[in-house]
Every structure is written in C-alpha cells, then in structure tokens.
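So this one's work.cif, mmCIF, N, CA and C atoms:
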```cif
data_data
loop_
_atom_site.label_atom_id
_atom_site.label_comp_id
_atom_site.auth_asym_id
_atom_site.auth_seq_id
_atom_site.Cartn_x
_atom_site.Cartn_y
_atom_site.Cartn_z
N MET L 284 -156.87 -3.47 95.65
CA MET L 284 -158.11 -3.31 94.92
C MET L 284 -159.26 -3.53 95.91
N SER L 285 -160.22 -2.63 95.88
CA SER L 285 -161.36 -2.73 96.79
C SER L 285 -162.33 -3.81 96.32
N ASP L 286 -163.16 -4.26 97.25
CA ASP L 286 -164.18 -5.25 96.91
C ASP L 286 -165.15 -4.69 95.87
N GLU L 287 -165.53 -3.42 96.03
CA GLU L 287 -166.45 -2.81 95.08
C GLU L 287 -165.84 -2.76 93.68
N GLN L 288 -164.56 -2.41 93.61
CA GLN L 288 -163.88 -2.37 92.31
C GLN L 288 -163.82 -3.76 91.69
N SER L 289 -163.54 -4.78 92.46
CA SER L 289 -163.49 -6.15 91.96
C SER L 289 -164.85 -6.58 91.40
N VAL L 290 -165.91 -6.25 92.11
CA VAL L 290 -167.27 -6.60 91.66
C VAL L 290 -167.57 -5.92 90.32
N ILE L 291 -167.21 -4.66 90.19
CA ILE L 291 -167.48 -3.93 88.95
C ILE L 291 -166.68 -4.51 87.80
N ILE L 292 -165.44 -4.86 88.03
CA ILE L 292 -164.61 -5.45 86.98
C ILE L 292 -165.22 -6.76 86.50
N ILE L 293 -165.68 -7.58 87.43
CA ILE L 293 -166.33 -8.84 87.05
C ILE L 293 -167.61 -8.57 86.27
N GLU L 294 -168.38 -7.55 86.67
CA GLU L 294 -169.59 -7.18 85.93
C GLU L 294 -169.25 -6.75 84.51
N LEU L 295 -168.18 -5.96 84.35
CA LEU L 295 -167.74 -5.54 83.02
C LEU L 295 -167.41 -6.76 82.16
N ALA L 296 -166.64 -7.68 82.72
CA ALA L 296 -166.22 -8.87 81.98
C ALA L 296 -167.44 -9.71 81.58
N LYS L 297 -168.36 -9.93 82.51
CA LYS L 297 -169.56 -10.72 82.21
C LYS L 297 -170.39 -10.09 81.11
N GLU L 298 -170.60 -8.78 81.21
CA GLU L 298 -171.40 -8.08 80.21
C GLU L 298 -170.73 -8.16 78.83
N PHE L 299 -169.42 -7.99 78.81
CA PHE L 299 -168.70 -8.03 77.54
C PHE L 299 -168.73 -9.43 76.93
N ILE L 300 -168.49 -10.43 77.74
CA ILE L 300 -168.56 -11.82 77.25
C ILE L 300 -169.96 -12.11 76.71
N GLY L 301 -170.99 -11.67 77.44
CA GLY L 301 -172.36 -11.89 76.98
C GLY L 301 -172.63 -11.27 75.63
N LEU L 302 -172.16 -10.04 75.43
CA LEU L 302 -172.37 -9.37 74.14
C LEU L 302 -171.62 -10.09 73.03
N ILE L 303 -170.37 -10.40 73.25
CA ILE L 303 -169.56 -11.03 72.20
C ILE L 303 -170.13 -12.40 71.84
N ARG L 304 -170.56 -13.17 72.81
CA ARG L 304 -171.16 -14.48 72.52
C ARG L 304 -172.44 -14.34 71.70
N GLN L 305 -173.16 -13.26 71.95
CA GLN L 305 -174.40 -12.99 71.19
C GLN L 305 -174.06 -12.58 69.75
N ILE L 306 -173.06 -11.73 69.59
CA ILE L 306 -172.69 -11.24 68.25
C ILE L 306 -172.04 -12.34 67.42
N GLU L 307 -171.06 -13.03 68.02
CA GLU L 307 -170.27 -14.02 67.28
C GLU L 307 -169.88 -15.18 68.20
N PRO L 308 -170.65 -16.26 68.18
CA PRO L 308 -170.37 -17.39 69.07
C PRO L 308 -168.98 -18.01 68.88
N ALA L 309 -168.36 -17.84 67.72
CA ALA L 309 -167.05 -18.45 67.45
C ALA L 309 -165.90 -17.47 67.67
N TRP L 310 -166.05 -16.48 68.53
CA TRP L 310 -165.01 -15.49 68.78
C TRP L 310 -163.82 -16.11 69.50
N GLN L 311 -162.64 -15.48 69.33
CA GLN L 311 -161.44 -15.95 70.03
C GLN L 311 -160.96 -14.95 71.09
N ASN L 312 -160.89 -13.67 70.72
CA ASN L 312 -160.44 -12.62 71.64
C ASN L 312 -161.34 -11.40 71.45
N ALA L 313 -161.45 -10.60 72.51
CA ALA L 313 -162.25 -9.39 72.42
C ALA L 313 -161.59 -8.29 73.25
N TYR L 314 -161.82 -7.04 72.82
CA TYR L 314 -161.18 -5.89 73.44
C TYR L 314 -162.20 -4.78 73.63
N PHE L 315 -162.24 -4.23 74.84
CA PHE L 315 -163.08 -3.08 75.14
C PHE L 315 -162.17 -1.99 75.68
N ARG L 316 -162.21 -0.82 75.05
CA ARG L 316 -161.38 0.31 75.46
C ARG L 316 -162.27 1.46 75.90
N PHE L 317 -161.99 1.98 77.10
CA PHE L 317 -162.70 3.13 77.64
C PHE L 317 -161.68 4.23 77.91
N CYS L 318 -162.01 5.46 77.54
CA CYS L 318 -161.12 6.59 77.78
C CYS L 318 -161.92 7.74 78.39
N SER L 319 -161.42 8.27 79.49
CA SER L 319 -162.00 9.45 80.11
C SER L 319 -160.95 10.55 80.10
N GLU L 320 -161.32 11.68 79.56
CA GLU L 320 -160.43 12.85 79.54
C GLU L 320 -160.92 13.90 80.53
N GLY L 321 -161.66 13.48 81.52
CA GLY L 321 -162.19 14.40 82.51
C GLY L 321 -163.60 14.82 82.16
N ILE L 322 -163.74 15.79 81.25
CA ILE L 322 -165.07 16.28 80.91
C ILE L 322 -165.75 15.45 79.83
N LYS L 323 -164.99 14.64 79.11
CA LYS L 323 -165.61 13.77 78.11
C LYS L 323 -165.06 12.36 78.22
N HIS L 324 -165.88 11.41 77.84
CA HIS L 324 -165.44 10.02 77.88
C HIS L 324 -166.14 9.24 76.77
N GLY L 325 -165.62 8.07 76.47
CA GLY L 325 -166.22 7.21 75.46
C GLY L 325 -165.51 5.88 75.39
N SER L 326 -166.05 5.01 74.57
CA SER L 326 -165.48 3.67 74.48
C SER L 326 -165.74 3.07 73.11
N ASN L 327 -165.00 2.03 72.83
CA ASN L 327 -165.24 1.22 71.65
C ASN L 327 -164.69 -0.17 71.90
N GLY L 328 -164.90 -1.06 70.94
CA GLY L 328 -164.45 -2.42 71.13
C GLY L 328 -164.33 -3.16 69.82
N SER L 329 -163.67 -4.29 69.91
CA SER L 329 -163.51 -5.15 68.74
C SER L 329 -163.37 -6.59 69.21
N TYR L 330 -163.48 -7.50 68.24
CA TYR L 330 -163.28 -8.91 68.55
C TYR L 330 -162.64 -9.60 67.36
N VAL L 331 -162.02 -10.74 67.65
CA VAL L 331 -161.38 -11.55 66.62
C VAL L 331 -162.17 -12.84 66.47
N SER L 332 -162.48 -13.17 65.22
CA SER L 332 -163.17 -14.41 64.90
C SER L 332 -162.67 -14.91 63.55
N ASP L 333 -162.25 -16.15 63.50
CA ASP L 333 -161.78 -16.76 62.26
C ASP L 333 -160.69 -15.92 61.59
N GLY L 334 -159.79 -15.37 62.40
CA GLY L 334 -158.68 -14.59 61.88
C GLY L 334 -159.02 -13.19 61.43
N LYS L 335 -160.28 -12.78 61.57
CA LYS L 335 -160.70 -11.44 61.16
C LYS L 335 -161.03 -10.61 62.40
N VAL L 336 -160.71 -9.32 62.33
CA VAL L 336 -161.02 -8.41 63.42
C VAL L 336 -162.22 -7.57 63.01
N VAL L 337 -163.20 -7.51 63.90
CA VAL L 337 -164.43 -6.77 63.65
C VAL L 337 -164.60 -5.71 64.73
N ILE L 338 -164.87 -4.47 64.31
CA ILE L 338 -165.17 -3.39 65.26
C ILE L 338 -166.65 -3.53 65.65
N ILE L 339 -166.95 -3.44 66.93
CA ILE L 339 -168.32 -3.55 67.42
C ILE L 339 -169.08 -2.28 67.06
N ASP L 340 -170.24 -2.44 66.45
CA ASP L 340 -171.06 -1.32 66.00
C ASP L 340 -171.62 -0.55 67.21
N PRO L 341 -171.19 0.70 67.41
CA PRO L 341 -171.64 1.47 68.58
C PRO L 341 -173.10 1.89 68.50
N PHE L 342 -173.65 1.96 67.32
CA PHE L 342 -175.06 2.35 67.18
C PHE L 342 -175.97 1.18 67.48
N LYS L 343 -175.62 0.03 66.97
CA LYS L 343 -176.42 -1.18 67.20
C LYS L 343 -176.37 -1.62 68.66
N HIS L 344 -175.24 -1.34 69.31
CA HIS L 344 -175.03 -1.80 70.69
C HIS L 344 -174.89 -0.63 71.65
N ASN L 345 -175.67 0.40 71.43
CA ASN L 345 -175.61 1.62 72.23
C ASN L 345 -175.85 1.35 73.71
N ALA L 346 -176.83 0.53 74.04
CA ALA L 346 -177.13 0.24 75.45
C ALA L 346 -175.94 -0.44 76.14
N PHE L 347 -175.27 -1.33 75.43
CA PHE L 347 -174.08 -1.99 75.97
C PHE L 347 -173.02 -0.95 76.31
N PHE L 348 -172.70 -0.07 75.36
CA PHE L 348 -171.65 0.91 75.60
C PHE L 348 -172.03 1.88 76.71
N LYS L 349 -173.28 2.25 76.80
CA LYS L 349 -173.72 3.13 77.89
C LYS L 349 -173.50 2.45 79.24
N TYR L 350 -173.90 1.20 79.35
CA TYR L 350 -173.72 0.43 80.59
C TYR L 350 -172.23 0.33 80.94
N MET L 351 -171.42 -0.04 79.96
CA MET L 351 -169.98 -0.22 80.20
C MET L 351 -169.32 1.10 80.59
N ASN L 352 -169.72 2.20 79.95
CA ASN L 352 -169.16 3.50 80.29
C ASN L 352 -169.49 3.89 81.73
N GLU L 353 -170.73 3.65 82.15
CA GLU L 353 -171.12 3.96 83.52
C GLU L 353 -170.28 3.16 84.52
N LYS L 354 -170.08 1.88 84.25
CA LYS L 354 -169.28 1.04 85.15
C LYS L 354 -167.81 1.49 85.16
N ALA L 355 -167.28 1.83 83.99
CA ALA L 355 -165.89 2.29 83.92
C ALA L 355 -165.72 3.60 84.68
N MET L 356 -166.69 4.51 84.56
CA MET L 356 -166.62 5.76 85.31
C MET L 356 -166.66 5.50 86.82
N ARG L 357 -167.41 4.49 87.22
CA ARG L 357 -167.47 4.13 88.64
C ARG L 357 -166.09 3.64 89.12
N ILE L 358 -165.41 2.85 88.30
CA ILE L 358 -164.06 2.40 88.67
C ILE L 358 -163.14 3.60 88.84
N LEU L 359 -163.19 4.55 87.91
CA LEU L 359 -162.34 5.72 88.02
C LEU L 359 -162.65 6.52 89.28
N ALA L 360 -163.93 6.63 89.62
CA ALA L 360 -164.32 7.33 90.84
C ALA L 360 -163.73 6.65 92.07
N ILE L 361 -163.78 5.33 92.10
CA ILE L 361 -163.20 4.58 93.23
C ILE L 361 -161.70 4.84 93.32
N LEU L 362 -161.05 4.92 92.16
CA LEU L 362 -159.60 5.16 92.12
C LEU L 362 -159.24 6.62 92.36
N GLY L 363 -160.24 7.50 92.34
CA GLY L 363 -159.97 8.92 92.51
C GLY L 363 -159.32 9.55 91.28
N LYS L 364 -159.63 9.00 90.11
CA LYS L 364 -159.05 9.48 88.85
C LYS L 364 -160.15 10.08 87.98
N GLU L 365 -159.79 11.13 87.25
CA GLU L 365 -160.71 11.71 86.27
C GLU L 365 -160.28 11.37 84.85
N GLN L 366 -158.98 11.16 84.66
CA GLN L 366 -158.46 10.86 83.34
C GLN L 366 -157.78 9.49 83.37
N ALA L 367 -158.14 8.66 82.41
CA ALA L 367 -157.52 7.34 82.33
C ALA L 367 -158.02 6.62 81.09
N VAL L 368 -157.27 5.59 80.72
CA VAL L 368 -157.70 4.64 79.71
C VAL L 368 -157.78 3.29 80.40
N LEU L 369 -158.88 2.59 80.16
CA LEU L 369 -159.04 1.22 80.65
C LEU L 369 -159.16 0.32 79.43
N LEU L 370 -158.47 -0.79 79.45
CA LEU L 370 -158.57 -1.77 78.37
C LEU L 370 -158.90 -3.12 78.97
N LEU L 371 -160.06 -3.65 78.58
CA LEU L 371 -160.49 -4.97 79.01
C LEU L 371 -160.20 -5.95 77.88
N VAL L 372 -159.39 -6.95 78.18
CA VAL L 372 -159.00 -7.97 77.20
C VAL L 372 -159.58 -9.29 77.67
N ILE L 373 -160.31 -9.98 76.78
CA ILE L 373 -160.97 -11.24 77.13
C ILE L 373 -160.67 -12.27 76.05
N ASP L 374 -160.51 -13.53 76.47
CA ASP L 374 -160.39 -14.60 75.47
C ASP L 374 -161.57 -15.55 75.59
N SER L 375 -161.69 -16.43 74.63
CA SER L 375 -162.87 -17.31 74.56
C SER L 375 -162.91 -18.36 75.68
N ASN L 376 -161.84 -18.47 76.47
CA ASN L 376 -161.86 -19.32 77.66
C ASN L 376 -162.32 -18.54 78.88
N PHE L 377 -162.76 -17.30 78.65
CA PHE L 377 -163.27 -16.39 79.68
C PHE L 377 -162.19 -15.88 80.62
N ASN L 378 -160.93 -15.95 80.19
CA ASN L 378 -159.85 -15.29 80.92
C ASN L 378 -159.93 -13.81 80.57
N PHE L 379 -159.72 -12.95 81.55
CA PHE L 379 -159.77 -11.52 81.26
C PHE L 379 -158.75 -10.76 82.08
N ASP L 380 -158.41 -9.57 81.56
CA ASP L 380 -157.47 -8.69 82.22
C ASP L 380 -157.92 -7.26 81.98
N LEU L 381 -157.92 -6.45 83.00
CA LEU L 381 -158.24 -5.03 82.86
C LEU L 381 -156.95 -4.25 83.07
N LYS L 382 -156.54 -3.53 82.03
CA LYS L 382 -155.31 -2.74 82.08
C LYS L 382 -155.68 -1.28 82.29
N TYR L 383 -154.79 -0.55 82.99
CA TYR L 383 -155.01 0.85 83.30
C TYR L 383 -153.86 1.69 82.75
N GLU L 384 -154.18 2.88 82.27
CA GLU L 384 -153.17 3.87 81.84
C GLU L 384 -153.67 5.24 82.26
N TYR L 385 -152.82 5.98 82.97
CA TYR L 385 -153.24 7.29 83.48
C TYR L 385 -152.55 8.46 82.77
N GLN L 386 -151.44 8.23 82.11
CA GLN L 386 -150.69 9.31 81.49
C GLN L 386 -150.99 9.47 80.01
N ASN L 387 -150.84 8.40 79.25
CA ASN L 387 -150.99 8.43 77.80
C ASN L 387 -152.42 8.06 77.42
N LEU L 388 -153.26 9.07 77.20
CA LEU L 388 -154.67 8.82 76.90
C LEU L 388 -154.89 8.34 75.47
N ASP L 389 -153.84 8.26 74.69
CA ASP L 389 -153.92 7.70 73.34
C ASP L 389 -153.56 6.21 73.31
N ARG L 390 -153.20 5.66 74.44
CA ARG L 390 -152.76 4.27 74.49
C ARG L 390 -153.89 3.30 74.15
N TRP L 391 -153.54 2.24 73.48
CA TRP L 391 -154.42 1.11 73.15
C TRP L 391 -155.60 1.49 72.26
N LYS L 392 -155.44 2.47 71.40
CA LYS L 392 -156.54 2.85 70.52
C LYS L 392 -156.97 1.66 69.66
N ILE L 393 -158.28 1.55 69.47
CA ILE L 393 -158.87 0.50 68.64
C ILE L 393 -159.43 1.18 67.40
N THR L 394 -158.81 0.93 66.26
CA THR L 394 -159.26 1.54 65.02
C THR L 394 -158.80 0.73 63.82
N LYS L 395 -159.48 0.92 62.72
CA LYS L 395 -159.04 0.36 61.44
C LYS L 395 -158.68 1.49 60.47
N ILE L 396 -158.70 2.72 60.97
CA ILE L 396 -158.37 3.89 60.16
C ILE L 396 -156.84 4.05 60.11
N ASN L 397 -156.34 4.55 58.99
CA ASN L 397 -154.91 4.83 58.82
C ASN L 397 -154.03 3.63 59.13
N GLY L 398 -154.42 2.46 58.66
CA GLY L 398 -153.61 1.27 58.82
C GLY L 398 -153.84 0.51 60.11
N GLY L 399 -154.79 0.95 60.94
CA GLY L 399 -155.09 0.22 62.17
C GLY L 399 -155.68 -1.15 61.86
N THR L 400 -155.47 -2.08 62.75
CA THR L 400 -155.92 -3.46 62.52
C THR L 400 -157.24 -3.78 63.22
N GLY L 401 -157.65 -2.93 64.16
CA GLY L 401 -158.82 -3.23 64.98
C GLY L 401 -158.43 -3.85 66.31
N ILE L 402 -157.17 -4.29 66.40
CA ILE L 402 -156.60 -4.77 67.67
C ILE L 402 -156.04 -3.54 68.39
N PRO L 403 -156.20 -3.44 69.69
CA PRO L 403 -155.65 -2.26 70.39
C PRO L 403 -154.15 -2.08 70.07
N GLU L 404 -153.77 -0.86 69.75
CA GLU L 404 -152.38 -0.56 69.44
C GLU L 404 -151.50 -0.96 70.62
N GLY L 405 -150.44 -1.68 70.33
CA GLY L 405 -149.50 -2.08 71.37
C GLY L 405 -149.82 -3.41 72.03
N ILE L 406 -150.87 -4.06 71.61
CA ILE L 406 -151.23 -5.37 72.21
C ILE L 406 -150.77 -6.47 71.25
#
```

Final structure tokens representation of the file:
Amino acid sequence: MSDEQSVIIIELAKEFIGLIRQIEPAWQNAYFRFCSEGIKHGSNGSYVSDGKVVIIDPFKHNAFFKYMNEKAMRILAILGKEQAVLLLVIDSNFNFDLKYEYQNLDRWKITKINGGTGIPEGI
C-alpha cells in the first residue's frame, strides 16, 4: 500500500467518524460502501445505534458523500482500477477496515429494500 493510499484511507475514516458522531453520538458500528462501475459511481452508508440500523440520508449529507466519492475514486486511480467496490467498516472505538472487491460489484450492498437489514450484505 502506498503512502498516498494510506493517507486517503485515514482521511476517509476520519471524515466518516466525524459525520457519524455528529448524526448519532451513541453509534456502535458504521458502514460506508462505494461502488465504481467505470463510467458511473456512487455510495451509501448506514450505522447501528441502540440495536437499530439507520441508512444515512444522501440528500441531507450530500457534501459528505461527494467528498467520500472523490477520495474513493482517488484510491481506485492509485490502484489502477476503474471498477471496484470499497467497504469502510468502523466501530465506536474508532477501529476501521477498508475492504476491496474487484469482481462482484454487487457485493456488500447496503439496503433495507426486499428484506435488507441496512447492514452490508455478507457482513
């Protein structure tokens, strides 16, 4: 992992922790999913608080998602990838992990539609 990539990952984690602490100070876990299919990309997120999963409002937090998408695209550029899914998992002790998937662009979807829980599928 390059130094630049490490710095960006830490920036992603800090920004995400800052947003979640602002939204819900009593959060336990949070998830940010970014997907790039080459010509299009996007992201969403959720967090767990008091046993409930809440999807982060993309309209209310548009600036956050724009910032995170730009940083995620920079990571993909460093890796030389156009298509990928990135999943940032954070807990309230500020431990974090960034997972990568290059083949299955449907991996780790965050949704409450069709029986989804709001937790990334497969986590």

Every residue of segment 302-401 of chain L that DSSP places in strand (DSSP E), as number ranges by chain: L: 310-320, 324-332, 335-338, 366-374, 379-384

Under the PyMOL selection byres ((chain L and resi 302-313) around 8), which residues of this model are included? Write them out as number ranges by chain. L: 296-301, 314-316, 328-334, 347, 371-376

Centre and edges of the segment 316-331 of chain L box, axis-aligned, 5 Å extra per side, as JSON:
```
{"center_x": -163.3, "center_y": 1.7, "center_z": 74.5, "size_x": 15.8, "size_y": 39.1, "size_z": 26.0}
```

Expressed in Å to a single decimal, how great is the separation between atom C of Phe379 of chain L and atom CA of Ile322 of chain L?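 Separation of atom C of Phe379 of chain L and atom CA of Ile322 of chain L: 27.8 Å.
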
Which of segment 314-406 of chain L fall in helix (DSSP H, G or I), as a ChimeraX atom specification: /L:345-362,396-398

Using only C-alpha atoms, which residues sit within 9 Å of Ile291 of chain L once same-chain residues fewer than 5 positions away are excluded, as a short mmCIF file (atom, residue, chain, number, x, y, z; two decimals) with N, CA and C atoms, keeping the file's coordinate frame?
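Saved the output as selection.cif:
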```
data_model
loop_
_atom_site.label_atom_id
_atom_site.label_comp_id
_atom_site.auth_asym_id
_atom_site.auth_seq_id
_atom_site.Cartn_x
_atom_site.Cartn_y
_atom_site.Cartn_z
N ASP L 286 -163.16 -4.26 97.25
CA ASP L 286 -164.18 -5.25 96.91
C ASP L 286 -165.15 -4.69 95.87
N ALA L 296 -166.64 -7.68 82.72
CA ALA L 296 -166.22 -8.87 81.98
C ALA L 296 -167.44 -9.71 81.58
N LYS L 354 -170.08 1.88 84.25
CA LYS L 354 -169.28 1.04 85.15
C LYS L 354 -167.81 1.49 85.16
N ALA L 355 -167.28 1.83 83.99
CA ALA L 355 -165.89 2.29 83.92
C ALA L 355 -165.72 3.60 84.68
N ARG L 357 -167.41 4.49 87.22
CA ARG L 357 -167.47 4.13 88.64
C ARG L 357 -166.09 3.64 89.12
N ILE L 358 -165.41 2.85 88.30
CA ILE L 358 -164.06 2.40 88.67
C ILE L 358 -163.14 3.60 88.84
#
```

List as a ChimeraX atom specification the protein and nucleic acid residues near Ile402 of chain L, meaning an atom at most 7 Å away when only N, CA and C atoms are counted, but skip any in the same chain fewer than 4 places from it. /L:329,336,391-395,406

Polymer residues at most 6.5 Å from Ala367 of chain L, only N, CA and C atoms, same-chain spacing of 2 or more positions, as an MDAnalysis selection string: chainID L and resid 317:321 364:365 369 384:386 388

Please measure the separation of atom C of Asn345 of chain L and atom C of Ile361 of chain L, giving the value in Å to one decimal.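 Separation of atom C of Asn345 of chain L and atom C of Ile361 of chain L: 24.4 Å.
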
May I ask for the distance between atom N of Asn397 of chain L and atom C of Ser326 of chain L, given in Å to one decimal place?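 We find that atom N of Asn397 of chain L and atom C of Ser326 of chain L lie 17.0 Å from each other.
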